[in-house]
Amino acid sequence: LCLSVAPGSLGFVLLQASQFCNLNCDYCYIPATERTQYKFMALEDVKTIFKKIFTSSFLSPDGLTILWHAGEPLAAPISYYEDIIGCLTDLKNELLGISYELSFDMQTNGTLLNDAWIDFIKKHRIGIGISCDGPQFLHDRNRRFWKGQGTFEQVLTGIQLLKENNIDFGALAVITPETLAHPDEFIQFFIDMKIPHLGLLPQTPALPGQNMSISKQEFYEKSLSFVRRIVQILEHSSYKVGIRELDIVARELFQQSHEYFIETEPFTSISIDINGNFSTFSPDLLGAPSKKYNNFIIGNLLQDTLESAAQTELFKTIYQDIQRGVDVCRSECDYFSICRQHTPSDKYAEHVAFNVSETYACIFSQKVITDVLLDKCGV
Ligand code: SF4
């Protein structure tokens, strides 16, 4: 096994501003006890952490994207982000120079968007991803406030605000077994809303090892007819919603360049929680319950550096086990040459192990999407 860490590869930092969320979605993987704590990472801590990142040999020379994610980022005041962006821009200019590209993204549930946030998003050119599961009957099944009412109306208002202000954004939809039964209503909603980019995230177990209610064969068949149908509808639609998963697989199939991070390669992205604990590989691994892997916390950036974490036995064990999983994929799966991510977090969530191949998530995001695209090309 080759376990080297390439310098200059870190292009994404997923940063948790707060664990707090104003929603209580059924499939959320962050424990409810954490999502009710209204506290934020201190500005001084952000500064300490990014001083280490900006001076790390792992940092990409091509720029860094900071994505606020996990917990609802818009639950923090705008002034909090103004302070952080100002502080990080100054620090970046001092340590890396004015021409180094630093960009900011937010993944939000969209319910708190208002005119003040819109001004902030425009001012700092924040990339926005908004979580929306489609039409109201699908969205409100799982995406609800703490008191139980659905969030669809508020999300729709947020989307309208983004559109009225010509802000380019993407939507991210969790695909549940119910969604698979309603491809027409699902994709027509995004066409009618003129959503430019859409990510499809198959629902995975909220806790490692939790069973899914549908067999893999049935899931493959239902996913195949779902994706075939949405592609068919999009082909005949005057408005084209760009589907992220189709684009990713098409790029692999036609060997075009890719700009996303690779979940099996360390330090192409890191995830940092509000206490400075951090992890690498799949973002969702950070905090996933695991005694063997210390909940995938490989260090704390208030005390450690990226380089010191890369020397620990824990990091090496995680890296080695993830690479063994890639080897299992290589020997068992016909889609190996197309599949790029081999998503370690999905393997762990489903099997509580890495040395396995197929997951529900890869059936949807790799196998079904590849089969639909090859079918379209007459292969
Ligand atoms: S499609 Fe699934 S099983 Fe196949 S290589 Fe990718 S992760 Fe592994």
# chains A, B, ... in the order shown; residues from 1 in each chain; ligands from 1
call {"tool": "residues_near_ligand", "arguments": {"ligand": "ligand 1", "cutoff": "7 Å", "atoms": "only C-alpha atoms and all ligand atoms", "output": "number ranges by chain"}}
result
A: 326, 329-330, 333-336, 339-343, 357-359, 362-363, 366-367
call {"tool": "write_last_selection", "arguments": {"atoms": "C-alpha atoms", "output": "compact mmCIF listing (two decimals), in the first residue's frame"}}
result
# COMPACT_ATOMS: atom_id res chain seq x y z
CA VAL A 326 -10.19 0.81 -2.49
CA CYS A 329 -13.46 -2.13 -4.91
CA ARG A 330 -10.71 -2.68 -7.51
CA CYS A 333 -16.42 -3.90 -9.00
CA ASP A 334 -16.90 -3.48 -12.75
CA TYR A 335 -17.36 0.26 -12.28
CA PHE A 336 -13.98 0.78 -10.62
CA CYS A 339 -15.81 5.50 -9.78
CA ARG A 340 -13.48 8.03 -8.27
CA GLN A 341 -14.61 8.56 -4.71
CA HIS A 342 -15.22 5.04 -3.26
CA THR A 343 -16.78 7.13 -0.49
CA SER A 357 -17.13 -2.46 -1.79
CA GLU A 358 -20.76 -1.77 -2.62
CA THR A 359 -22.96 0.65 -0.70
CA CYS A 362 -22.52 4.10 -4.71
CA ILE A 363 -25.29 2.06 -6.32
CA GLN A 366 -21.99 5.58 -9.52
CA LYS A 367 -23.58 2.41 -10.86
call {"tool": "residues_around", "arguments": {"residues": "stretch 305-316 of chain A", "least_positions_apart": "5", "cutoff": "12 Å", "atoms": "only C-alpha atoms", "output": "PDB file with N, CA and C atoms, in the first residue's frame"}}
result
ATOM      1  N   LEU A   1       0.837  -1.205   0.000  1.00  0.00           N
ATOM      2  CA  LEU A   1       0.000   0.000   0.000  1.00  0.00           C
ATOM      3  C   LEU A   1       0.866   1.246   0.000  1.00  0.00           C
ATOM      4  N   CYS A   2       0.528   2.191  -0.871  1.00  0.00           N
ATOM      5  CA  CYS A   2       1.263   3.451  -0.892  1.00  0.00           C
ATOM      6  C   CYS A   2       0.515   4.458  -0.018  1.00  0.00           C
ATOM      7  N   LEU A   3       1.159   4.894   1.041  1.00  0.00           N
ATOM      8  CA  LEU A   3       0.468   5.769   1.986  1.00  0.00           C
ATOM      9  C   LEU A   3       1.107   7.147   2.058  1.00  0.00           C
ATOM     10  N   SER A   4       1.515   7.686   0.930  1.00  0.00           N
ATOM     11  CA  SER A   4       2.136   9.004   0.978  1.00  0.00           C
ATOM     12  C   SER A   4       1.067  10.095   1.013  1.00  0.00           C
ATOM     13  N   VAL A   5       1.464  11.256   1.522  1.00  0.00           N
ATOM     14  CA  VAL A   5       0.568  12.409   1.532  1.00  0.00           C
ATOM     15  C   VAL A   5       1.181  13.451   0.601  1.00  0.00           C
ATOM     16  N   ALA A   6       0.433  13.775  -0.465  1.00  0.00           N
ATOM     17  CA  ALA A   6       0.992  14.705  -1.452  1.00  0.00           C
ATOM     18  C   ALA A   6       0.942  16.133  -0.927  1.00  0.00           C
ATOM     19  N   PRO A   7       2.066  16.856  -0.989  1.00  0.00           N
ATOM     20  CA  PRO A   7       2.002  18.269  -0.604  1.00  0.00           C
ATOM     21  C   PRO A   7       1.209  19.057  -1.643  1.00  0.00           C
ATOM     22  N   LEU A  10      -4.339  20.360  -0.576  1.00  0.00           N
ATOM     23  CA  LEU A  10      -5.511  20.787   0.210  1.00  0.00           C
ATOM     24  C   LEU A  10      -6.213  21.979  -0.439  1.00  0.00           C
ATOM     25  N   THR A  48      -6.142  31.088  14.838  1.00  0.00           N
ATOM     26  CA  THR A  48      -5.088  30.115  15.182  1.00  0.00           C
ATOM     27  C   THR A  48      -5.089  28.955  14.193  1.00  0.00           C
ATOM     28  N   ILE A  49      -6.289  28.466  13.903  1.00  0.00           N
ATOM     29  CA  ILE A  49      -6.420  27.304  13.016  1.00  0.00           C
ATOM     30  C   ILE A  49      -5.936  27.636  11.598  1.00  0.00           C
ATOM     31  N   PHE A  50      -6.359  28.795  11.084  1.00  0.00           N
ATOM     32  CA  PHE A  50      -6.022  29.096   9.693  1.00  0.00           C
ATOM     33  C   PHE A  50      -4.580  29.556   9.518  1.00  0.00           C
ATOM     34  N   LYS A  51      -3.979  30.025  10.583  1.00  0.00           N
ATOM     35  CA  LYS A  51      -2.547  30.328  10.503  1.00  0.00           C
ATOM     36  C   LYS A  51      -1.802  29.022  10.178  1.00  0.00           C
ATOM     37  N   LYS A  52      -2.242  27.929  10.803  1.00  0.00           N
ATOM     38  CA  LYS A  52      -1.592  26.631  10.559  1.00  0.00           C
ATOM     39  C   LYS A  52      -1.902  26.117   9.147  1.00  0.00           C
ATOM     40  N   ILE A  53      -3.129  26.351   8.708  1.00  0.00           N
ATOM     41  CA  ILE A  53      -3.502  25.874   7.368  1.00  0.00           C
ATOM     42  C   ILE A  53      -2.756  26.664   6.292  1.00  0.00           C
ATOM     43  N   PHE A  54      -2.727  27.990   6.458  1.00  0.00           N
ATOM     44  CA  PHE A  54      -2.087  28.830   5.435  1.00  0.00           C
ATOM     45  C   PHE A  54      -0.572  28.608   5.358  1.00  0.00           C
ATOM     46  N   THR A  55       0.013  28.078   6.423  1.00  0.00           N
ATOM     47  CA  THR A  55       1.462  27.835   6.392  1.00  0.00           C
ATOM     48  C   THR A  55       1.792  26.351   6.202  1.00  0.00           C
ATOM     49  N   SER A  56       0.766  25.539   5.965  1.00  0.00           N
ATOM     50  CA  SER A  56       0.999  24.097   5.819  1.00  0.00           C
ATOM     51  C   SER A  56       1.537  23.756   4.433  1.00  0.00           C
ATOM     52  N   SER A  57       2.405  22.750   4.395  1.00  0.00           N
ATOM     53  CA  SER A  57       2.918  22.284   3.096  1.00  0.00           C
ATOM     54  C   SER A  57       1.818  21.579   2.307  1.00  0.00           C
ATOM     55  N   PHE A  58       0.731  21.196   2.977  1.00  0.00           N
ATOM     56  CA  PHE A  58      -0.370  20.516   2.286  1.00  0.00           C
ATOM     57  C   PHE A  58      -1.260  21.482   1.501  1.00  0.00           C
ATOM     58  N   LEU A  59      -1.160  22.781   1.791  1.00  0.00           N
ATOM     59  CA  LEU A  59      -2.060  23.751   1.163  1.00  0.00           C
ATOM     60  C   LEU A  59      -1.862  23.804  -0.355  1.00  0.00           C
ATOM     61  N   GLU A 265      -8.251  10.184  -0.710  1.00  0.00           N
ATOM     62  CA  GLU A 265      -6.905  10.757  -0.621  1.00  0.00           C
ATOM     63  C   GLU A 265      -6.847  11.767   0.513  1.00  0.00           C
ATOM     64  N   PRO A 266      -5.883  11.608   1.422  1.00  0.00           N
ATOM     65  CA  PRO A 266      -5.858  12.479   2.604  1.00  0.00           C
ATOM     66  C   PRO A 266      -5.467  13.908   2.249  1.00  0.00           C
ATOM     67  N   PHE A 267      -6.002  14.832   3.014  1.00  0.00           N
ATOM     68  CA  PHE A 267      -5.619  16.249   2.931  1.00  0.00           C
ATOM     69  C   PHE A 267      -5.927  16.899   1.587  1.00  0.00           C
ATOM     70  N   THR A 268      -6.830  16.291   0.776  1.00  0.00           N
ATOM     71  CA  THR A 268      -7.367  17.069  -0.336  1.00  0.00           C
ATOM     72  C   THR A 268      -8.496  17.943   0.227  1.00  0.00           C
ATOM     73  N   SER A 269      -9.098  17.456   1.330  1.00  0.00           N
ATOM     74  CA  SER A 269     -10.028  18.292   2.095  1.00  0.00           C
ATOM     75  C   SER A 269      -9.838  17.948   3.568  1.00  0.00           C
ATOM     76  N   ILE A 270     -10.166  18.889   4.427  1.00  0.00           N
ATOM     77  CA  ILE A 270     -10.237  18.578   5.858  1.00  0.00           C
ATOM     78  C   ILE A 270     -11.556  19.130   6.400  1.00  0.00           C
ATOM     79  N   SER A 271     -12.053  18.491   7.457  1.00  0.00           N
ATOM     80  CA  SER A 271     -13.262  18.964   8.143  1.00  0.00           C
ATOM     81  C   SER A 271     -12.876  19.347   9.563  1.00  0.00           C
ATOM     82  N   ILE A 272     -13.367  20.502   9.996  1.00  0.00           N
ATOM     83  CA  ILE A 272     -13.002  20.997  11.337  1.00  0.00           C
ATOM     84  C   ILE A 272     -14.284  21.287  12.121  1.00  0.00           C
ATOM     85  N   GLY A 276     -12.213  22.707  17.063  1.00  0.00           N
ATOM     86  CA  GLY A 276     -10.899  22.622  16.422  1.00  0.00           C
ATOM     87  C   GLY A 276     -10.494  21.198  16.069  1.00  0.00           C
ATOM     88  N   ASN A 277     -11.307  20.194  16.496  1.00  0.00           N
ATOM     89  CA  ASN A 277     -11.013  18.809  16.109  1.00  0.00           C
ATOM     90  C   ASN A 277     -11.119  18.690  14.600  1.00  0.00           C
ATOM     91  N   PHE A 278     -10.245  17.887  14.013  1.00  0.00           N
ATOM     92  CA  PHE A 278     -10.333  17.779  12.564  1.00  0.00           C
ATOM     93  C   PHE A 278     -10.085  16.371  12.059  1.00  0.00           C
ATOM     94  N   SER A 279     -10.553  16.190  10.814  1.00  0.00           N
ATOM     95  CA  SER A 279     -10.457  14.894  10.160  1.00  0.00           C
ATOM     96  C   SER A 279     -10.187  15.137   8.679  1.00  0.00           C
ATOM     97  N   THR A 280      -9.884  14.086   7.962  1.00  0.00           N
ATOM     98  CA  THR A 280      -9.714  14.221   6.516  1.00  0.00           C
ATOM     99  C   THR A 280     -10.421  13.043   5.834  1.00  0.00           C
ATOM    100  N   PHE A 281     -10.167  12.805   4.581  1.00  0.00           N
ATOM    101  CA  PHE A 281     -10.931  11.861   3.757  1.00  0.00           C
ATOM    102  C   PHE A 281     -12.372  12.393   3.612  1.00  0.00           C
ATOM    103  N   SER A 290     -16.876   5.973  16.568  1.00  0.00           N
ATOM    104  CA  SER A 290     -15.965   4.861  16.353  1.00  0.00           C
ATOM    105  C   SER A 290     -14.888   4.856  17.428  1.00  0.00           C
ATOM    106  N   LYS A 291     -14.882   3.782  18.216  1.00  0.00           N
ATOM    107  CA  LYS A 291     -13.859   3.652  19.251  1.00  0.00           C
ATOM    108  C   LYS A 291     -12.499   3.408  18.595  1.00  0.00           C
ATOM    109  N   LYS A 292     -12.498   2.504  17.605  1.00  0.00           N
ATOM    110  CA  LYS A 292     -11.245   2.129  16.946  1.00  0.00           C
ATOM    111  C   LYS A 292     -10.567   3.336  16.305  1.00  0.00           C
ATOM    112  N   TYR A 293     -11.358   4.213  15.701  1.00  0.00           N
ATOM    113  CA  TYR A 293     -10.785   5.341  14.955  1.00  0.00           C
ATOM    114  C   TYR A 293     -10.942   6.680  15.686  1.00  0.00           C
ATOM    115  N   ASN A 294     -11.210   6.650  16.985  1.00  0.00           N
ATOM    116  CA  ASN A 294     -11.329   7.887  17.772  1.00  0.00           C
ATOM    117  C   ASN A 294     -12.306   8.876  17.125  1.00  0.00           C
ATOM    118  N   ASN A 295     -13.451   8.353  16.684  1.00  0.00           N
ATOM    119  CA  ASN A 295     -14.461   9.183  15.994  1.00  0.00           C
ATOM    120  C   ASN A 295     -13.852   9.953  14.817  1.00  0.00           C
ATOM    121  N   PHE A 296     -12.775   9.396  14.284  1.00  0.00           N
ATOM    122  CA  PHE A 296     -12.073   9.950  13.102  1.00  0.00           C
ATOM    123  C   PHE A 296     -11.447  11.319  13.352  1.00  0.00           C
ATOM    124  N   ILE A 297     -11.262  11.667  14.619  1.00  0.00           N
ATOM    125  CA  ILE A 297     -10.583  12.927  14.949  1.00  0.00           C
ATOM    126  C   ILE A 297      -9.083  12.632  14.955  1.00  0.00           C
ATOM    127  N   ILE A 298      -8.371  13.153  13.959  1.00  0.00           N
ATOM    128  CA  ILE A 298      -6.930  12.846  13.857  1.00  0.00           C
ATOM    129  C   ILE A 298      -6.070  13.903  14.554  1.00  0.00           C
ATOM    130  N   GLY A 299      -6.691  14.959  15.028  1.00  0.00           N
ATOM    131  CA  GLY A 299      -5.944  15.986  15.753  1.00  0.00           C
ATOM    132  C   GLY A 299      -6.835  17.149  16.089  1.00  0.00           C
ATOM    133  N   ASN A 300      -6.249  18.133  16.757  1.00  0.00           N
ATOM    134  CA  ASN A 300      -6.986  19.359  17.076  1.00  0.00           C
ATOM    135  C   ASN A 300      -6.119  20.537  16.653  1.00  0.00           C
ATOM    136  N   ASP A 321      -6.622   1.503   6.151  1.00  0.00           N
ATOM    137  CA  ASP A 321      -7.892   0.771   6.054  1.00  0.00           C
ATOM    138  C   ASP A 321      -8.735   1.297   4.883  1.00  0.00           C
ATOM    139  N   ILE A 322      -8.702   2.601   4.661  1.00  0.00           N
ATOM    140  CA  ILE A 322      -9.445   3.163   3.522  1.00  0.00           C
ATOM    141  C   ILE A 322      -8.850   2.658   2.203  1.00  0.00           C
ATOM    142  N   GLN A 323      -7.517   2.599   2.131  1.00  0.00           N
ATOM    143  CA  GLN A 323      -6.881   2.098   0.901  1.00  0.00           C
ATOM    144  C   GLN A 323      -7.184   0.616   0.682  1.00  0.00           C
TER     145      GLN A 323
END
call {"tool": "atom_distance", "arguments": {"atom1": "atom CA of A:Pro196", "atom2": "atom CA of A:Asp184"}}
result
17.6 Å
call {"tool": "select_by_dssp", "arguments": {"residues": "stretch 22-249 of chain A", "states": "helix (DSSP H, G or I)", "output": "PyMOL selection string"}}
result
chain A and resi 32-35+43-54+73-75+78-96+115-124+136-142+152-164+177-180+183-192+216-235+244-249
call {"tool": "closest_residue", "arguments": {"among": "A:Leu23, A:Ala76, A:Leu64, A:Ile195", "to": "A:Tyr38", "atoms": "only C-alpha atoms"}}
result
A:Ala76
call {"tool": "residues_around", "arguments": {"residues": "A:Val356", "least_positions_apart": "6", "cutoff": "7 Å", "atoms": "only C-alpha atoms", "output": "compact mmCIF listing (two decimals) with C-alpha atoms, in the first residue's frame"}}
result
# COMPACT_ATOMS: atom_id res chain seq x y z
CA GLY A 325 -11.31 -0.66 0.84
CA VAL A 328 -11.60 -4.41 -2.48
CA LYS A 347 -18.86 2.37 3.52
call {"tool": "residues_around", "arguments": {"residues": "A:Thr33", "least_positions_apart": "6", "cutoff": "12 Å", "atoms": "only C-alpha atoms", "output": "list in words"}}
result
Gln19, Phe20, Cys21, Asn24 and Gly71 of chain A
call {"tool": "write_last_selection", "arguments": {"atoms": "C-alpha atoms", "output": "compact mmCIF listing (two decimals), in the first residue's frame"}}
result
# COMPACT_ATOMS: atom_id res chain seq x y z
CA GLN A 19 -23.44 22.75 15.72
CA PHE A 20 -26.72 24.57 16.19
CA CYS A 21 -29.52 24.06 13.70
CA ASN A 24 -34.70 18.79 13.17
CA GLY A 71 -25.19 22.77 11.65
call {"tool": "atom_distance", "arguments": {"atom1": "atom CA of A:Gly150", "atom2": "atom CA of A:Phe186"}}
result
17.0 Å
call {"tool": "atom_distance", "arguments": {"atom1": "atom CA of A:Ser9", "atom2": "atom CA of A:Ile318"}}
result
18.5 Å
call {"tool": "residues_around", "arguments": {"residues": "A:Ser345", "least_positions_apart": "2", "cutoff": "9 Å", "atoms": "only C-alpha atoms", "output": "ChimeraX atom specification"}}
result
/A:263,281-285,288,342-343,347-350,354
call {"tool": "residues_around", "arguments": {"residues": "stretch 218-222 of chain A", "least_positions_apart": "3", "cutoff": "9 Å", "atoms": "only C-alpha atoms", "output": "list in words"}}
result
Pro177, Leu180, Ala181, Ile214, Ser215, Ser225, Phe226, Val227, Tyr360, Ile363, Phe364, Lys367 and Val368 of chain A
call {"tool": "closest_residue", "arguments": {"among": "A:Phe120, A:Tyr27, A:Trp68, A:Phe261", "to": "A:Thr108", "atoms": "only C-alpha atoms"}}
result
A:Trp68
